[in-house]
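Asker: So that you have it, the file is model.cif, and it contains mmCIF, C-alpha atoms and all ligand atoms:
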data_my_file
loop_
_atom_site.label_atom_id
_atom_site.label_comp_id
_atom_site.auth_asym_id
_atom_site.auth_seq_id
_atom_site.Cartn_x
_atom_site.Cartn_y
_atom_site.Cartn_z
CA MET N 137 127.96 107.54 128.94
CA SER N 138 126.46 110.94 128.22
CA THR N 139 124.81 113.13 130.86
CA ALA N 140 121.72 114.89 129.54
CA ALA N 141 118.87 117.11 130.73
CA ILE N 142 115.63 115.31 129.95
CA LEU N 143 111.91 116.09 130.18
CA GLN N 144 110.05 114.24 132.92
CA ASP N 145 106.38 114.11 133.82
CA SER N 146 105.58 115.94 137.06
CA GLY N 147 102.08 114.53 137.35
CA ALA N 148 98.70 116.22 137.17
CA ASN N 149 99.13 118.23 140.40
CA HIS N 150 102.03 120.31 139.14
CA LYS N 151 101.90 123.21 136.75
CA TYR N 152 105.31 122.49 135.23
CA HIS N 153 107.03 119.34 134.04
CA ASN N 154 110.45 118.56 135.48
CA VAL N 155 113.94 118.89 134.03
CA GLU N 156 116.01 115.93 135.23
CA LEU N 157 119.57 114.84 134.66
CA ALA N 158 120.04 111.36 133.25
CA GLN N 159 123.00 109.15 132.38
CA LEU N 160 122.35 107.85 128.87
CA PRO N 161 124.47 105.62 126.66
CA ARG N 162 126.70 107.66 124.38
CA PRO N 163 124.87 107.73 121.01
CA VAL N 164 126.40 105.94 118.05
CA PRO N 165 126.44 107.74 114.69
CA GLN N 166 124.53 105.93 111.96
CA ALA N 167 125.57 106.07 108.30
CA GLY N 168 125.73 109.69 107.16
CA GLU N 169 125.86 110.98 110.73
CA ALA N 170 128.49 112.47 113.00
CA LEU N 171 129.04 112.20 116.73
CA VAL N 172 129.40 115.64 118.32
CA GLU N 173 130.81 116.43 121.73
CA VAL N 174 128.72 119.37 122.84
CA GLU N 175 130.63 122.39 124.13
CA ALA N 176 127.61 124.56 124.98
CA ALA N 177 123.84 124.51 124.55
CA ALA N 178 121.29 127.32 124.80
CA LEU N 179 117.68 127.67 125.89
CA ASN N 180 114.68 129.11 124.07
CA HIS N 181 111.20 130.24 125.01
CA ARG N 182 109.82 127.02 123.53
CA ASP N 183 111.50 125.13 126.38
CA LEU N 184 109.24 127.06 128.74
CA TYR N 185 106.16 126.08 126.75
CA ILE N 186 107.30 122.45 126.93
CA LEU N 187 107.79 122.64 130.69
CA ALA N 188 104.48 124.48 131.09
CA LYS N 189 102.73 121.53 129.39
CA ASN N 190 101.84 123.76 126.47
CA PHE N 191 103.77 122.42 123.47
CA PRO N 192 102.54 119.82 120.97
CA GLY N 193 104.35 116.54 120.41
CA THR N 194 106.40 116.43 123.61
CA GLU N 195 107.79 113.12 124.83
CA PHE N 196 108.91 112.27 128.36
CA GLY N 197 112.47 111.04 128.53
CA SER N 198 113.43 113.15 125.51
CA ILE N 199 116.55 115.28 125.81
CA LEU N 200 115.67 119.00 126.00
CA GLY N 201 117.26 121.88 124.08
CA SER N 202 117.36 122.93 120.42
CA ASP N 203 120.66 124.83 120.24
CA ALA N 204 124.21 123.58 120.46
CA ILE N 205 127.77 124.06 119.42
CA GLY N 206 130.26 121.24 119.62
CA ARG N 207 133.14 119.42 117.99
CA ILE N 208 132.81 116.47 115.65
CA ILE N 209 134.60 113.52 117.23
CA GLU N 210 133.49 110.76 114.86
CA VAL N 211 132.08 110.62 111.34
CA ASN N 212 130.24 107.62 109.95
CA GLY N 213 130.59 108.08 106.22
CA SER N 214 132.25 110.78 104.19
CA SER N 215 131.63 114.45 103.73
CA ASP N 216 133.12 117.13 101.47
CA ARG N 217 132.29 119.80 104.02
CA LEU N 218 133.06 118.35 107.43
CA ARG N 219 135.66 116.28 109.23
CA VAL N 220 136.64 115.16 112.72
CA GLY N 221 137.68 118.17 114.82
CA ASP N 222 135.38 120.68 113.11
CA ARG N 223 133.51 123.09 115.37
CA VAL N 224 129.87 122.92 114.34
CA VAL N 225 126.42 124.29 115.09
CA VAL N 226 123.38 122.06 114.73
CA MET N 227 120.32 122.74 112.56
CA PRO N 228 117.57 122.95 115.22
CA SER N 229 114.81 121.09 113.37
CA LEU N 230 114.37 118.08 111.10
CA GLY N 231 112.38 117.79 107.90
CA TRP N 232 112.62 121.17 106.20
CA ILE N 233 115.18 121.42 103.44
CA SER N 234 114.60 124.44 101.24
CA ASP N 235 110.97 125.17 100.32
CA PRO N 236 110.46 128.88 101.10
CA ARG N 237 106.77 128.25 101.89
CA GLY N 238 107.41 125.80 104.74
CA PRO N 239 108.51 122.24 105.52
CA GLU N 240 108.33 119.91 102.51
CA ASP N 241 106.75 117.22 104.68
CA GLU N 242 104.77 119.18 107.24
CA ALA N 243 103.50 116.14 109.13
CA ASN N 244 107.02 114.92 109.86
CA TYR N 245 108.60 118.29 110.58
CA VAL N 246 109.93 118.36 114.15
CA LEU N 247 112.00 120.62 116.38
CA LEU N 248 114.90 119.17 118.33
CA GLY N 249 114.41 118.78 122.05
CA GLY N 250 111.65 117.44 124.28
CA THR N 251 110.05 115.77 121.26
CA ARG N 252 110.64 112.54 119.30
CA ALA N 253 113.76 114.36 118.03
CA SER N 254 116.37 114.20 120.74
CA GLY N 255 117.68 117.60 121.90
CA THR N 256 120.99 119.32 122.47
CA MET N 257 121.30 119.65 126.26
CA THR N 258 123.58 116.64 126.40
CA GLN N 259 127.29 115.91 126.44
CA TYR N 260 127.16 113.93 123.18
CA LEU N 261 124.71 113.99 120.30
CA THR N 262 124.49 112.53 116.83
CA ALA N 263 123.18 114.40 113.81
CA SER N 264 123.05 113.98 110.07
CA LEU N 265 126.11 115.53 108.45
CA ASP N 266 123.66 117.59 106.37
CA ASP N 267 122.36 119.21 109.56
CA LEU N 268 125.78 120.26 110.84
CA PHE N 269 127.48 123.49 109.77
CA LYS N 270 130.84 125.00 110.65
CA ALA N 271 130.35 127.63 113.33
CA PRO N 272 131.50 131.17 112.48
CA GLU N 273 135.12 131.26 113.61
CA TYR N 274 135.02 134.70 115.22
CA LEU N 275 132.33 133.62 117.71
CA THR N 276 133.12 132.12 121.09
CA ASP N 277 131.49 128.80 121.94
CA ILE N 278 129.12 130.57 124.30
CA GLU N 279 128.03 133.04 121.63
CA ALA N 280 127.68 130.44 118.89
CA ALA N 281 125.55 128.19 121.15
CA GLY N 282 122.84 130.85 121.16
CA LEU N 283 122.72 131.27 117.41
CA PRO N 284 120.81 128.38 115.77
CA LEU N 285 117.10 128.53 116.67
CA ALA N 286 116.68 132.23 117.44
CA GLY N 287 119.10 133.34 114.73
CA LEU N 288 117.26 131.28 112.12
CA THR N 289 113.79 132.41 113.21
CA ALA N 290 114.80 136.06 113.10
CA PHE N 291 116.46 135.64 109.70
CA ARG N 292 113.37 134.18 108.04
CA ALA N 293 111.06 136.65 109.80
CA LEU N 294 113.10 139.65 108.75
CA PHE N 295 114.25 138.77 105.24
CA THR N 296 112.16 135.95 103.74
CA LYS N 297 108.92 137.34 105.18
CA GLY N 298 109.54 140.99 106.09
CA GLN N 299 111.84 141.74 103.11
CA VAL N 300 113.50 144.40 105.25
CA THR N 301 115.78 146.81 103.40
CA LYS N 302 117.93 149.84 104.13
CA GLY N 303 116.12 152.98 105.21
CA GLN N 304 112.89 151.29 106.28
CA ASN N 305 111.40 151.87 109.71
CA VAL N 306 111.34 148.55 111.54
CA LEU N 307 109.80 147.87 114.96
CA VAL N 308 110.83 144.82 117.02
CA THR N 309 108.60 144.12 120.02
CA GLY N 310 109.70 142.59 123.35
CA ILE N 311 113.40 143.22 122.90
CA GLY N 312 114.37 141.13 125.91
CA GLY N 313 113.67 138.04 123.81
CA GLY N 314 116.34 135.98 122.11
CA VAL N 315 114.79 136.14 118.63
CA ALA N 316 113.98 139.84 119.00
CA LEU N 317 117.62 140.67 119.69
CA PHE N 318 118.74 138.93 116.52
CA ALA N 319 116.02 140.75 114.56
CA LEU N 320 117.34 144.05 115.94
CA GLN N 321 120.93 143.27 115.02
CA TYR N 322 120.10 141.94 111.54
CA ALA N 323 117.84 144.89 110.67
CA ALA N 324 120.42 147.39 111.91
CA ALA N 325 123.11 145.58 109.88
CA VAL N 326 121.24 146.20 106.61
CA GLY N 327 120.68 149.87 107.47
CA ALA N 328 117.06 149.88 108.64
CA ASN N 329 115.92 152.35 111.33
CA VAL N 330 115.14 149.99 114.19
CA TYR N 331 112.97 150.80 117.20
CA VAL N 332 112.04 148.42 120.00
CA THR N 333 109.50 147.88 122.76
CA SER N 334 110.11 146.32 126.15
CA SER N 335 108.67 146.11 129.65
CA ASP N 336 111.99 147.36 130.98
CA GLU N 337 113.64 150.74 130.33
CA ALA N 338 117.08 149.25 130.99
CA LYS N 339 116.56 146.73 128.16
CA ILE N 340 115.63 149.60 125.81
CA GLU N 341 118.85 151.39 126.72
CA ARG N 342 120.86 148.23 126.10
CA ALA N 343 119.10 147.72 122.77
CA LYS N 344 120.44 151.11 121.68
CA GLN N 345 123.97 149.73 122.12
CA TYR N 346 123.05 147.11 119.51
CA GLY N 347 121.76 149.57 116.94
CA ALA N 348 118.23 150.56 118.04
CA LYS N 349 117.42 154.20 117.34
CA GLY N 350 114.86 154.33 120.12
CA GLY N 351 112.24 152.43 122.02
CA VAL N 352 109.29 152.60 124.38
CA ASN N 353 107.87 150.67 127.30
CA TYR N 354 104.86 148.71 126.05
CA ARG N 355 103.31 148.93 129.51
CA ASN N 356 102.84 152.70 129.18
CA ALA N 357 99.25 153.63 128.28
CA GLU N 358 100.25 155.80 125.32
CA TRP N 359 103.32 153.91 124.16
CA ASP N 360 102.30 154.13 120.51
CA LYS N 361 102.16 157.93 120.63
CA GLU N 362 105.53 158.05 122.42
CA LEU N 363 107.01 155.83 119.73
CA LEU N 364 105.72 157.95 116.85
CA GLN N 365 107.08 161.04 118.59
CA GLN N 366 110.51 159.43 118.46
CA THR N 367 110.21 158.84 114.71
CA ASN N 368 108.81 162.35 114.09
CA GLY N 369 105.53 160.79 113.08
CA ARG N 370 106.92 158.37 110.51
CA GLN N 371 105.10 155.04 110.78
CA PHE N 372 106.64 151.58 110.46
CA ASP N 373 107.13 149.66 107.23
CA VAL N 374 107.80 146.35 108.97
CA VAL N 375 106.97 145.12 112.47
CA ILE N 376 108.41 141.93 113.94
CA ASP N 377 106.16 140.76 116.77
CA SER N 378 106.01 137.73 119.04
CA ALA N 379 103.47 138.96 121.59
CA MET N 380 100.21 138.83 119.57
CA GLY N 381 98.64 140.67 122.48
CA PRO N 382 96.52 143.81 122.77
CA GLY N 383 99.63 145.74 121.76
CA THR N 384 99.55 144.01 118.38
CA ALA N 385 96.12 145.50 117.66
CA THR N 386 97.51 148.93 118.59
CA ILE N 387 100.43 148.37 116.24
CA ILE N 388 98.06 147.66 113.36
CA ARG N 389 95.80 150.60 114.20
CA SER N 390 98.32 153.37 114.68
CA VAL N 391 101.96 152.34 114.51
CA MET N 392 102.19 150.76 111.07
CA ALA N 393 102.31 152.53 107.75
CA LEU N 394 99.49 151.77 105.32
CA SER N 395 100.18 148.41 103.70
CA GLY N 396 103.00 147.72 106.16
CA VAL N 397 104.20 144.16 106.78
CA LEU N 398 103.46 142.62 110.17
CA VAL N 399 105.51 139.47 110.75
CA VAL N 400 104.40 137.36 113.71
CA PHE N 401 106.52 134.50 115.03
CA GLY N 402 105.05 133.91 118.49
CA SER N 403 102.14 134.56 120.81
CA THR N 404 103.76 135.13 124.19
CA VAL N 405 100.77 137.21 125.37
CA GLY N 406 97.92 136.24 123.05
CA PRO N 407 96.79 135.24 120.61
CA VAL N 408 94.19 138.01 120.61
CA GLU N 409 91.88 139.33 117.91
CA VAL N 410 93.80 141.84 115.86
CA GLY N 411 90.64 143.65 114.70
CA ARG N 412 89.37 144.94 111.39
CA ASP N 413 92.08 147.59 111.03
CA LEU N 414 94.12 144.70 109.65
CA TYR N 415 92.33 144.89 106.32
CA ILE N 416 91.12 148.49 106.49
CA ARG N 417 94.76 149.58 106.75
CA GLN N 418 95.88 147.14 104.03
CA ILE N 419 98.31 145.38 106.40
CA GLU N 420 100.21 142.36 105.13
CA TYR N 421 99.95 139.93 108.03
CA LYS N 422 102.56 137.17 107.78
CA GLY N 423 103.13 134.24 110.08
CA THR N 424 106.52 132.59 110.26
CA THR N 425 108.12 129.72 112.12
CA MET N 426 111.77 128.72 112.29
CA GLY N 427 113.30 128.32 108.80
CA SER N 428 114.61 125.78 106.32
CA ARG N 429 118.07 124.25 106.19
CA ALA N 430 118.77 126.48 103.17
CA GLU N 431 117.82 129.55 105.23
CA PHE N 432 119.98 128.29 108.09
CA GLU N 433 122.95 128.22 105.72
CA ARG N 434 122.15 131.71 104.41
CA MET N 435 121.72 132.95 107.98
CA LEU N 436 125.20 131.71 108.86
CA GLU N 437 126.65 133.51 105.82
CA PHE N 438 124.82 136.71 106.75
CA VAL N 439 125.98 136.54 110.36
CA GLU N 440 129.55 135.97 109.22
CA GLN N 441 129.39 138.79 106.65
CA HIS N 442 128.10 141.32 109.18
CA LYS N 443 130.06 139.89 112.10
CA ILE N 444 126.90 139.65 114.18
CA ARG N 445 127.57 138.49 117.74
CA PRO N 446 124.71 136.68 119.51
CA ILE N 447 123.87 138.50 122.72
CA VAL N 448 124.33 136.25 125.71
CA GLY N 449 122.46 137.10 128.87
CA ASP N 450 123.47 134.48 131.39
CA VAL N 451 125.84 131.54 131.40
CA PHE N 452 125.53 128.42 133.56
CA GLU N 453 128.50 126.10 134.05
CA GLY N 454 128.14 122.35 133.69
CA ILE N 455 125.27 120.08 132.67
CA GLU N 456 124.37 119.84 136.38
CA ALA N 457 123.29 123.50 136.19
CA ALA N 458 120.79 122.85 133.38
CA PRO N 459 117.70 122.67 135.65
CA LYS N 460 118.72 126.00 137.20
CA ALA N 461 119.12 127.55 133.75
CA PHE N 462 115.57 126.53 132.79
CA GLN N 463 114.30 128.06 136.04
CA HIS N 464 116.19 131.27 135.23
CA LEU N 465 114.52 131.51 131.81
CA ARG N 466 111.17 131.09 133.50
CA ASP N 467 111.90 134.06 135.80
CA GLY N 468 112.06 136.24 132.64
CA LYS N 469 114.83 138.57 133.83
CA HIS N 470 117.22 137.69 131.02
CA PHE N 471 118.36 139.91 128.15
CA GLY N 472 119.69 137.69 125.41
CA LYS N 473 120.43 134.01 125.37
CA VAL N 474 120.67 131.76 128.39
CA VAL N 475 123.54 129.34 127.76
CA VAL N 476 124.79 126.22 129.54
CA VAL N 477 128.47 125.35 129.08
CA LEU N 478 128.71 121.56 129.01
CA LYS N 479 132.33 120.84 128.41
CA LYS N 480 134.50 121.75 131.34
CA SER N 481 137.86 123.32 130.50
CA PRO N 482 140.70 120.80 130.88
N1 LIG N 501 107.78 130.55 115.48
C1 LIG N 501 109.04 130.28 115.78
O1 LIG N 501 109.79 129.70 115.02
C2 LIG N 501 109.56 130.74 117.08
C3 LIG N 501 110.92 130.62 117.36
C4 LIG N 501 111.39 131.13 118.56
C5 LIG N 501 110.49 131.71 119.44
N2 LIG N 501 109.18 131.75 119.15
C6 LIG N 501 108.22 132.38 120.06
O2 LIG N 501 108.53 133.76 120.14
C7 LIG N 501 108.38 134.22 121.47
C8 LIG N 501 109.71 134.76 121.98
O3 LIG N 501 110.64 133.70 122.02
P1 LIG N 501 112.13 133.92 122.55
O4 LIG N 501 112.77 132.60 122.68
O5 LIG N 501 112.79 134.98 121.76
O6 LIG N 501 111.73 134.49 123.99
P2 LIG N 501 112.43 134.84 125.33
O7 LIG N 501 113.91 134.98 125.07
O8 LIG N 501 111.96 133.94 126.39
O9 LIG N 501 111.77 136.28 125.59
C9 LIG N 501 110.39 136.51 125.65
C10 LIG N 501 110.17 137.99 125.51
O10 LIG N 501 108.77 138.26 125.32
C11 LIG N 501 108.59 139.63 125.56
N3 LIG N 501 107.25 139.99 125.96
C12 LIG N 501 106.58 139.59 127.07
N4 LIG N 501 105.38 140.23 127.12
C13 LIG N 501 105.31 141.04 126.03
C14 LIG N 501 104.34 141.97 125.52
N5 LIG N 501 103.19 142.21 126.17
N6 LIG N 501 104.62 142.64 124.37
C15 LIG N 501 105.79 142.44 123.72
N7 LIG N 501 106.74 141.58 124.16
C16 LIG N 501 106.49 140.89 125.28
C17 LIG N 501 109.57 139.99 126.67
O11 LIG N 501 110.24 141.18 126.29
P3 LIG N 501 110.74 142.27 127.36
O12 LIG N 501 111.52 141.50 128.38
O13 LIG N 501 111.59 143.19 126.55
O14 LIG N 501 109.55 142.94 127.95
C18 LIG N 501 110.51 138.77 126.75
O15 LIG N 501 111.84 139.12 126.75
C19 LIG N 501 107.83 133.04 122.26
O16 LIG N 501 106.42 133.11 122.24
C20 LIG N 501 108.31 131.85 121.47
O17 LIG N 501 107.55 130.71 121.65
C21 LIG N 501 108.70 131.29 117.99
#
Just dump the structure as structure tokens.

Answerer:
Amino acid sequence: MSTAAILQDSGANHKYHNVELAQLPRPVPQAGEALVEVEAAALNHRDLYILAKNFPGTEFGSILGSDAIGRIIEVNGSSDRLRVGDRVVVMPSLGWISDPRGPEDEANYVLLGGTRASGTMTQYLTASLDDLFKAPEYLTDIEAAGLPLAGLTAFRALFTKGQVTKGQNVLVTGIGGGVALFALQYAAAVGANVYVTSSDEAKIERAKQYGAKGGVNYRNAEWDKELLQQTNGRQFDVVIDSAMGPGTATIIRSVMALSGVLVVFGSTVGPVEVGRDLYIRQIEYKGTTMGSRAEFERMLEFVEQHKIRPIVGDVFEGIEAAPKAFQHLRDGKHFGKVVVVLKKSP
């Protein structure tokens, strides 16, 4: 059997769906698939949207979670890349191979977890061998668990869309977020001048340990002026934003350089009208979501090359703690990834 955290209907009178533990039959790998014993799985903001009844395509009874690291314990077929015993991370979505514009078959593209594609918060999972990749060796299981979804999203946002290069001024909003922290680390790794925003001064200070040159509290009335003071008036070439709130309009109006690139990957606050400064100021407004399998592979190479370490906020022990971990994410006090360790040490 395999214990898993699944999505359950809470009924119309409750604001949130439930996370329940279930004993499911251990999955059997089909041809071209591997069976993975999951060591650790991580949570993402999308899990909150699912629980808050605000995510398309959810299915009750589906295993939650999009991120995992584990060990291959059975292979059905043959692979040049992978074998039994390999420590692997799982591509967090199905149906997007390599097209830089987006999924080749948009209608069938699906994220793992809480949907028709079974998720990762489970002791055992099966996946296509093509969707499994060796985890960077220098990372612990707990670190590597937090890499797939957020690491991929940040990689595409920053490089495929933002085309960030050395010496540019880059702003990452809401630095407490999992994706935002990867964006900070990646941009700093290529030599950009990275600044951040947050609701929490302590998170700004911690961001400086990971390469941020400065940051401001987005709740301050004049945060944009404070930010530009820190850069001696130099505006931002690229902004990576997931709030899409009133602050995004301010960013377009006063924080960005003329013709700057605004990459948006979420709408935690909004979406709100961004206003006509968008075109008056020649802003390149780019939406992005997740990334292809080819980008996932490139992201892993980049992470390995720069020895990026995913920032882990809180760790929960045992699949039994999964419901508590989801509750913790909802409280919003985390900095970095929230991880559940599934495999108990012998
Ligand atoms: N399109 C995609 O592929 C994709 C992938 C992953 C995530 N997302 C979306 O991106 C967002 C972040 O996801 P995540 O998993 O990284 O989130 P997370 O770890 O749950 O963190 C959310 C962060 O949002 C920030 N935030 C809240 N209010 C804000 C505001 N007014 N202005 C700026 N930031 C604000 C907070 O930053 P502080 O704590 O620093 O204040 C918080 O840490 C979510 O909306 C999620 O759905 C999209």

Asker: Would you mind listing, for every residue of chain N within 6 Å of ligand LIG 501 (chain N), the two atoms forming the shortest contact and the distance between them in Å to one decimal, using all atoms listed in the file, sorted by chain and ascending residue number, as CSV?

Answerer:
residue,atom,partner,partner_atom,distance
N:Asn180,CA,N:LIG501,O4,4.2
N:His181,CA,N:LIG501,O4,3.7
N:Arg182,CA,N:LIG501,O17,4.7
N:Ala286,CA,N:LIG501,C4,5.5
N:Thr289,CA,N:LIG501,O1,5.2
N:Thr309,CA,N:LIG501,C15,4.9
N:Gly310,CA,N:LIG501,N7,3.2
N:Ile311,CA,N:LIG501,O13,4.1
N:Gly312,CA,N:LIG501,O15,3.3
N:Gly313,CA,N:LIG501,O9,3.1
N:Gly314,CA,N:LIG501,O5,3.7
N:Val315,CA,N:LIG501,O5,3.9
N:Ala316,CA,N:LIG501,O5,5.7
N:Ser334,CA,N:LIG501,O13,3.5
N:Ser335,CA,N:LIG501,O14,3.7
N:Asp336,CA,N:LIG501,O14,5.9
N:Ser378,CA,N:LIG501,O2,4.8
N:Ala379,CA,N:LIG501,C15,4.7
N:Phe401,CA,N:LIG501,N1,4.2
N:Gly402,CA,N:LIG501,C6,3.9
N:Ser403,CA,N:LIG501,O16,4.7
N:Thr404,CA,N:LIG501,O16,3.9
N:Val405,CA,N:LIG501,N5,5.6
N:Thr424,CA,N:LIG501,N1,5.7
N:Thr425,CA,N:LIG501,O1,3.3
N:Met426,CA,N:LIG501,O1,3.5

Asker: Write a file of the selected residues as a PDB file, in the frame of the given file, keeping C-alpha atoms.

Answerer:
ATOM      1  CA  ASN N 180     114.680 129.110 124.070  1.00  0.00           C
ATOM      2  CA  HIS N 181     111.200 130.240 125.010  1.00  0.00           C
ATOM      3  CA  ARG N 182     109.820 127.020 123.530  1.00  0.00           C
ATOM      4  CA  ALA N 286     116.680 132.230 117.440  1.00  0.00           C
ATOM      5  CA  THR N 289     113.790 132.410 113.210  1.00  0.00           C
ATOM      6  CA  THR N 309     108.600 144.120 120.020  1.00  0.00           C
ATOM      7  CA  GLY N 310     109.700 142.590 123.350  1.00  0.00           C
ATOM      8  CA  ILE N 311     113.400 143.220 122.900  1.00  0.00           C
ATOM      9  CA  GLY N 312     114.370 141.130 125.910  1.00  0.00           C
ATOM     10  CA  GLY N 313     113.670 138.040 123.810  1.00  0.00           C
ATOM     11  CA  GLY N 314     116.340 135.980 122.110  1.00  0.00           C
ATOM     12  CA  VAL N 315     114.790 136.140 118.630  1.00  0.00           C
ATOM     13  CA  ALA N 316     113.980 139.840 119.000  1.00  0.00           C
ATOM     14  CA  SER N 334     110.110 146.320 126.150  1.00  0.00           C
ATOM     15  CA  SER N 335     108.670 146.110 129.650  1.00  0.00           C
ATOM     16  CA  ASP N 336     111.990 147.360 130.980  1.00  0.00           C
ATOM     17  CA  SER N 378     106.010 137.730 119.040  1.00  0.00           C
ATOM     18  CA  ALA N 379     103.470 138.960 121.590  1.00  0.00           C
ATOM     19  CA  PHE N 401     106.520 134.500 115.030  1.00  0.00           C
ATOM     20  CA  GLY N 402     105.050 133.910 118.490  1.00  0.00           C
ATOM     21  CA  SER N 403     102.140 134.560 120.810  1.00  0.00           C
ATOM     22  CA  THR N 404     103.760 135.130 124.190  1.00  0.00           C
ATOM     23  CA  VAL N 405     100.770 137.210 125.370  1.00  0.00           C
ATOM     24  CA  THR N 424     106.520 132.590 110.260  1.00  0.00           C
ATOM     25  CA  THR N 425     108.120 129.720 112.120  1.00  0.00           C
ATOM     26  CA  MET N 426     111.770 128.720 112.290  1.00  0.00           C
TER      27      MET N 426
END

Asker: For a cutoff of 12 Å around the file-coordinate point (118.6, 141.9, 111.2), which residues qualify once you count all atoms listed in the file? I'd like the result as a PyMOL selection string.

Answerer: chain N and resi 286-296+298-302+306-308+315-330+346-348+374+376+435+438-439+442-446

Asker: Quick one: of N:Ala393, N:Gly383, N:Lys297, N:Pro163, who's nearest to Glu409 (chain N), counting all atoms listed in the file?

Answerer: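 Comparing N:Ala393, N:Gly383, N:Lys297, N:Pro163 against Glu409 (chain N), the winner is N:Gly383.
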
Asker: Which is closer to Ile205 (chain N) than all the others in N:Gln304, N:Asn368, N:Ser229, N:Thr276, using all atoms listed in the file?

Answerer: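 Smallest separation from Ile205 (chain N) among the options: N:Thr276.
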
Asker: Show me, as a list in words, the residues that have an atom within 7 Å of Ser202 (chain N) when counting all atoms listed in the file, minus same-chain residues fewer than 6 positions from it.

Answerer: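 Final neighbour list, sorted by chain and number: Pro228, Leu248, Gly249, Gly255, Thr256 and Leu285 of chain N.
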
Asker: What is the distance between CA of Phe372 (chain N) and CA of Val397 (chain N), in Å to one decimal?

Answerer: 8.6 Å

Asker: Counting all atoms listed in the file, which residues in region 167-186 of chain N sit no more than 12 Å from region 259-262 of chain N? For each one, give the nearest pair of atoms and the distance in Å, sorted by chain then residue number, as JSON lines.

Answerer:
{"residue": "N:Ala167", "atom": "CA", "partner": "N:Thr262", "partner_atom": "CA", "distance": 10.8}
{"residue": "N:Gly168", "atom": "CA", "partner": "N:Thr262", "partner_atom": "CA", "distance": 10.2}
{"residue": "N:Glu169", "atom": "CA", "partner": "N:Thr262", "partner_atom": "CA", "distance": 6.4}
{"residue": "N:Ala170", "atom": "CA", "partner": "N:Thr262", "partner_atom": "CA", "distance": 5.5}
{"residue": "N:Leu171", "atom": "CA", "partner": "N:Thr262", "partner_atom": "CA", "distance": 4.6}
{"residue": "N:Val172", "atom": "CA", "partner": "N:Leu261", "partner_atom": "CA", "distance": 5.4}
{"residue": "N:Glu173", "atom": "CA", "partner": "N:Tyr260", "partner_atom": "CA", "distance": 4.7}
{"residue": "N:Val174", "atom": "CA", "partner": "N:Gln259", "partner_atom": "CA", "distance": 5.2}
{"residue": "N:Glu175", "atom": "CA", "partner": "N:Gln259", "partner_atom": "CA", "distance": 7.6}
{"residue": "N:Ala176", "atom": "CA", "partner": "N:Gln259", "partner_atom": "CA", "distance": 8.8}
{"residue": "N:Ala177", "atom": "CA", "partner": "N:Gln259", "partner_atom": "CA", "distance": 9.5}

Asker: For a test of reading the model, state the distance in Å between CA of Arg429 (chain N) and CA of Gly303 (chain N), rounded to one decimal.

Answerer: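 Going from CA of Arg429 (chain N) over to CA of Gly303 (chain N) covers 28.8 Å.
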
Asker: Show me, as a CSV table (one decimal) with C-alpha atoms, in the coordinates of the input, the residues that have an atom within 8 Å of region 416-423 of chain N when counting only C-alpha atoms, minus same-chain residues fewer than 6 positions from it.

Answerer:
chain,number,residue,atom,x,y,z
N,297,LYS,CA,108.9,137.3,105.2
N,388,ILE,CA,98.1,147.7,113.4
N,389,ARG,CA,95.8,150.6,114.2
N,394,LEU,CA,99.5,151.8,105.3
N,395,SER,CA,100.2,148.4,103.7
N,396,GLY,CA,103.0,147.7,106.2
N,397,VAL,CA,104.2,144.2,106.8
N,398,LEU,CA,103.5,142.6,110.2
N,399,VAL,CA,105.5,139.5,110.8
N,400,VAL,CA,104.4,137.4,113.7
N,401,PHE,CA,106.5,134.5,115.0

Asker: Can you tell me which residues surround Arg370 (chain N) at a distance of at most 9 Å, considering all atoms listed in the file, apart from same-chain residues fewer than 6 positions away, and format the answer as a PyMOL selection string?

Answerer: chain N and resi 305+364+391-393

Asker: Could you take the residues named above and write them with C-alpha atoms, as a CSV table (one decimal), keeping the file's coordinate frame?

Answerer:
chain,number,residue,atom,x,y,z
N,305,ASN,CA,111.4,151.9,109.7
N,364,LEU,CA,105.7,158.0,116.8
N,391,VAL,CA,102.0,152.3,114.5
N,392,MET,CA,102.2,150.8,111.1
N,393,ALA,CA,102.3,152.5,107.8

Asker: Just give me the residues with any atom within 12 Å of (111.6, 119.5, 120.7), file coordinates, counting all atoms listed in the file, written as a PyMOL selection string.

Answerer: chain N and resi 142-143+179-187+191-203+228-230+245-257+285

Asker: Considering all atoms listed in the file, can you say which of N:Leu218, N:Leu465, N:Leu265, N:Ala178 comes closest to Gln166 (chain N)?

Answerer: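 Comparing N:Leu218, N:Leu465, N:Leu265, N:Ala178 against Gln166 (chain N), the winner is N:Leu265.
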
Asker: Mind checking which residues fall within 9 Å of region 153-161 of chain N, counting only C-alpha atoms, ignoring those fewer than 5 positions away in the same chain, and posting them as a compact mmCIF listing (two decimals) with C-alpha atoms, in the frame of the given file?

Answerer:
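This is the output file around.txt:
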# COMPACT_ATOMS: atom_id res chain seq x y z
CA MET N 137 127.96 107.54 128.94
CA SER N 138 126.46 110.94 128.22
CA THR N 139 124.81 113.13 130.86
CA ALA N 140 121.72 114.89 129.54
CA ALA N 141 118.87 117.11 130.73
CA ILE N 142 115.63 115.31 129.95
CA LEU N 143 111.91 116.09 130.18
CA GLN N 144 110.05 114.24 132.92
CA ASP N 145 106.38 114.11 133.82
CA SER N 146 105.58 115.94 137.06
CA GLY N 147 102.08 114.53 137.35
CA ILE N 186 107.30 122.45 126.93
CA LEU N 187 107.79 122.64 130.69
CA ALA N 188 104.48 124.48 131.09
CA LYS N 189 102.73 121.53 129.39
CA GLY N 197 112.47 111.04 128.53
CA LEU N 200 115.67 119.00 126.00
CA ILE N 455 125.27 120.08 132.67
CA GLU N 456 124.37 119.84 136.38
CA ALA N 458 120.79 122.85 133.38
CA PRO N 459 117.70 122.67 135.65
CA PHE N 462 115.57 126.53 132.79
